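*Asks:* Can you keep this structure in mind? I'll have questions shortly.
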Amino acid sequence: MLHDAFSRHHYVSRADTYDEDSINTFGYKGPDECCALLNKHIAPDTTVNIIDIGAGTGLVGERLHTMGYKSITGIDLSPHMLQKAADKQVYKQLHEANLNCLNREIHSDNLYDVGVAVGTFTTNHCGVAALLELTRIVKPNGMLFMSLRDDFWEDAQNGFQGTINDLIEETKLSQVSVCDVVSAVL
């Protein structure tokens with residue numbers, strides 16, 4: 001996984017052009033597709049308390065806000081990316097934090113109704129520790145919406161697929177839907 005200092009530095013140079021590069025240049029559809037899926041399963045309850053893990057510049061929050069969701073909290077490691085998210089004025093709260101070990105005083109167990117992670121769980125970003133934090137802070141019977149690249153999902157070395165399967169077996173997660181989203185590779 002990325003070291004904090006490296007990640008913060010990496011996203012300093014990308015923050016200003018991230019939205020344009022991701023959506024318009026590379027045709028990234030993860031935020032649109034994940035938010036549409038969330039809306040399909042959650043709507044019309046726009047009062048749910050949503051956590052956007054790896055919020056970055058706020059691409060997910062912006063889409064959710066447009067759909068009517070107003071109680072959105074974003075978390076990201078990069079202060080430069082979070083400033084771009086703040087500029088969109090769609091988040092109730094934004095927190096700079098290491099997603100692998102969230103502050104329990106701020107992000108207590110069972111705090112959120114819905115968790116969203118788009119482009120967060122991938123090679124050199126977040127893995128199993130952040131997934132376990134996400135399952136900790138989302139309420140029982142809450143919902144998680146995640147986008148994953150096939151190569152990350154199929155890589156046994158990162159332990160992600162095995163952890164998901166263990167959580168399902170332990171009845172801490174239930175798989176509701178798996179769908180393919182075809183988009184450009186970043």
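Just so we're on the same page: first chain in the structure tokens is A, next is B, and so on; residues restart at 1 for each chain, and ligands are numbered from 1 in the order they show up.
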According to DSSP computed on the backbone, where in stretch 3-148 of chain A is there helix (DSSP H, G or I)? Give the residues as a PyMOL selection string.
*Replies:* chain A and resi 4-14+18-25+30-42+59-66+79-87+128-137
*Asks:* If you run DSSP on the backbone here, which positions in stretch 27-171 of chain A get strand (DSSP E or B)? Please write them as an NGL selection string.
*Replies:* :A and (50-53 or 72-76 or 93-96 or 112-117 or 121 or 126 or 138-146)
*Asks:* For stretch 65-80 of chain A, work out the shell of residues within 7 Å, counting only C-alpha atoms and skipping chain neighbours fewer than 6 positions away, then give it as a PyMOL selection string.
*Replies:* chain A and resi 8+11-12+15+46-56+90-98
*Asks:* Which of these, A:Asp151, A:Glu133, A:Asp113, A:Glu169, has the shortest distance to A:Asn100 once you count only C-alpha atoms?
*Replies:*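 Between A:Asp151, A:Glu133, A:Asp113, A:Glu169, the residue approaching A:Asn100 most closely is A:Glu133.
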*Asks:* Find the spatial neighbours of stretch 154-163 of chain A, counting only C-alpha atoms, within a cut-off of 10 Å - ignore same-chain residues fewer than 2 positions away - and output them as a ChimeraX atom specification.
*Replies:* /A:1,121-123,126-129,131-132,148-152,165-169
*Asks:* Output N, CA and C atoms for every residue in that selection, as an mmCIF file, in the first residue's frame.
*Replies:*
data_model
loop_
_atom_site.group_PDB
_atom_site.id
_atom_site.type_symbol
_atom_site.label_atom_id
_atom_site.label_comp_id
_atom_site.auth_asym_id
_atom_site.auth_seq_id
_atom_site.Cartn_x
_atom_site.Cartn_y
_atom_site.Cartn_z
ATOM 1 N N MET A 1 0.832 -1.167 0.000
ATOM 2 C CA MET A 1 0.000 0.000 0.000
ATOM 3 C C MET A 1 0.892 1.250 0.000
ATOM 4 N N PHE A 121 -9.936 0.936 -3.334
ATOM 5 C CA PHE A 121 -9.347 -0.382 -3.131
ATOM 6 C C PHE A 121 -8.719 -0.834 -4.440
ATOM 7 N N THR A 122 -7.425 -0.559 -4.539
ATOM 8 C CA THR A 122 -6.697 -0.906 -5.754
ATOM 9 C C THR A 122 -5.209 -1.008 -5.418
ATOM 10 N N THR A 123 -4.460 -1.525 -6.328
ATOM 11 C CA THR A 123 -3.029 -1.697 -6.127
ATOM 12 C C THR A 123 -2.381 -0.371 -5.734
ATOM 13 N N CYS A 126 -5.425 1.355 -1.060
ATOM 14 C CA CYS A 126 -5.956 0.759 0.172
ATOM 15 C C CYS A 126 -6.263 -0.713 -0.039
ATOM 16 N N GLY A 127 -6.152 -1.462 1.032
ATOM 17 C CA GLY A 127 -6.419 -2.891 0.955
ATOM 18 C C GLY A 127 -7.249 -3.362 2.120
ATOM 19 N N VAL A 128 -6.870 -4.497 2.645
ATOM 20 C CA VAL A 128 -7.649 -5.196 3.656
ATOM 21 C C VAL A 128 -7.882 -4.354 4.910
ATOM 22 N N ALA A 129 -6.872 -3.671 5.415
ATOM 23 C CA ALA A 129 -7.051 -2.885 6.643
ATOM 24 C C ALA A 129 -8.128 -1.821 6.470
ATOM 25 N N LEU A 131 -10.584 -1.918 4.274
ATOM 26 C CA LEU A 131 -11.854 -2.638 4.131
ATOM 27 C C LEU A 131 -12.429 -2.982 5.501
ATOM 28 N N LEU A 132 -11.589 -3.458 6.402
ATOM 29 C CA LEU A 132 -12.048 -3.804 7.744
ATOM 30 C C LEU A 132 -12.516 -2.555 8.500
ATOM 31 N N LEU A 148 -13.987 -2.072 -7.957
ATOM 32 C CA LEU A 148 -12.703 -2.782 -7.920
ATOM 33 C C LEU A 148 -12.272 -3.128 -9.333
ATOM 34 N N ARG A 149 -11.000 -3.008 -9.567
ATOM 35 C CA ARG A 149 -10.444 -3.490 -10.836
ATOM 36 C C ARG A 149 -10.312 -5.004 -10.760
ATOM 37 N N ASP A 150 -10.560 -5.672 -11.876
ATOM 38 C CA ASP A 150 -10.463 -7.135 -11.909
ATOM 39 C C ASP A 150 -9.093 -7.628 -11.457
ATOM 40 N N ASP A 151 -8.028 -6.953 -11.902
ATOM 41 C CA ASP A 151 -6.692 -7.428 -11.556
ATOM 42 C C ASP A 151 -6.440 -7.331 -10.053
ATOM 43 N N PHE A 152 -7.005 -6.344 -9.393
ATOM 44 C CA PHE A 152 -6.873 -6.219 -7.940
ATOM 45 C C PHE A 152 -7.682 -7.307 -7.245
ATOM 46 N N ASN A 165 -14.580 -12.823 1.191
ATOM 47 C CA ASN A 165 -15.190 -14.150 1.338
ATOM 48 C C ASN A 165 -15.299 -14.552 2.795
ATOM 49 N N ASP A 166 -14.271 -14.260 3.596
ATOM 50 C CA ASP A 166 -14.318 -14.549 5.040
ATOM 51 C C ASP A 166 -15.435 -13.754 5.711
ATOM 52 N N LEU A 167 -15.558 -12.475 5.374
ATOM 53 C CA LEU A 167 -16.603 -11.642 5.970
ATOM 54 C C LEU A 167 -17.998 -12.143 5.606
ATOM 55 N N ILE A 168 -18.152 -12.638 4.390
ATOM 56 C CA ILE A 168 -19.438 -13.220 3.971
ATOM 57 C C ILE A 168 -19.696 -14.502 4.760
ATOM 58 N N GLU A 169 -18.680 -15.352 4.872
ATOM 59 C CA GLU A 169 -18.818 -16.612 5.611
ATOM 60 C C GLU A 169 -19.138 -16.372 7.087
#
*Asks:* Choose the residue, out of A:Met146, A:Val138, A:Val114, A:Leu82, that has the smallest atom-to-atom separation from A:Ile164; count only C-alpha atoms.
*Replies:*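 Closest candidate: A:Met146.
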*Asks:* Restricting the calculation to only C-alpha atoms: of A:Lys84, A:His107, A:Ala130, A:Val118, which residue gets closest to A:Pro31?
*Replies:* A:Val118
*Asks:* With a distance cut-off of 7 Å and only C-alpha atoms, select the neighbouring residues of stretch 34-43 of chain A, excluding the residue or stretch itself and same-chain residues fewer than 4 positions from it, and output the selection as a list in words.
*Replies:*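 With the cut-off at 7 Å, the set is Gly30, Val60, Arg63, Leu64, Phe145 and Ser147 of chain A.
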*Asks:* Quote the spacing between atom CA of A:Leu59 and atom CA of A:Ile106 in Å to one decimal place.
*Replies:*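 Atom CA of A:Ile106 lies 23.0 Å from atom CA of A:Leu59.
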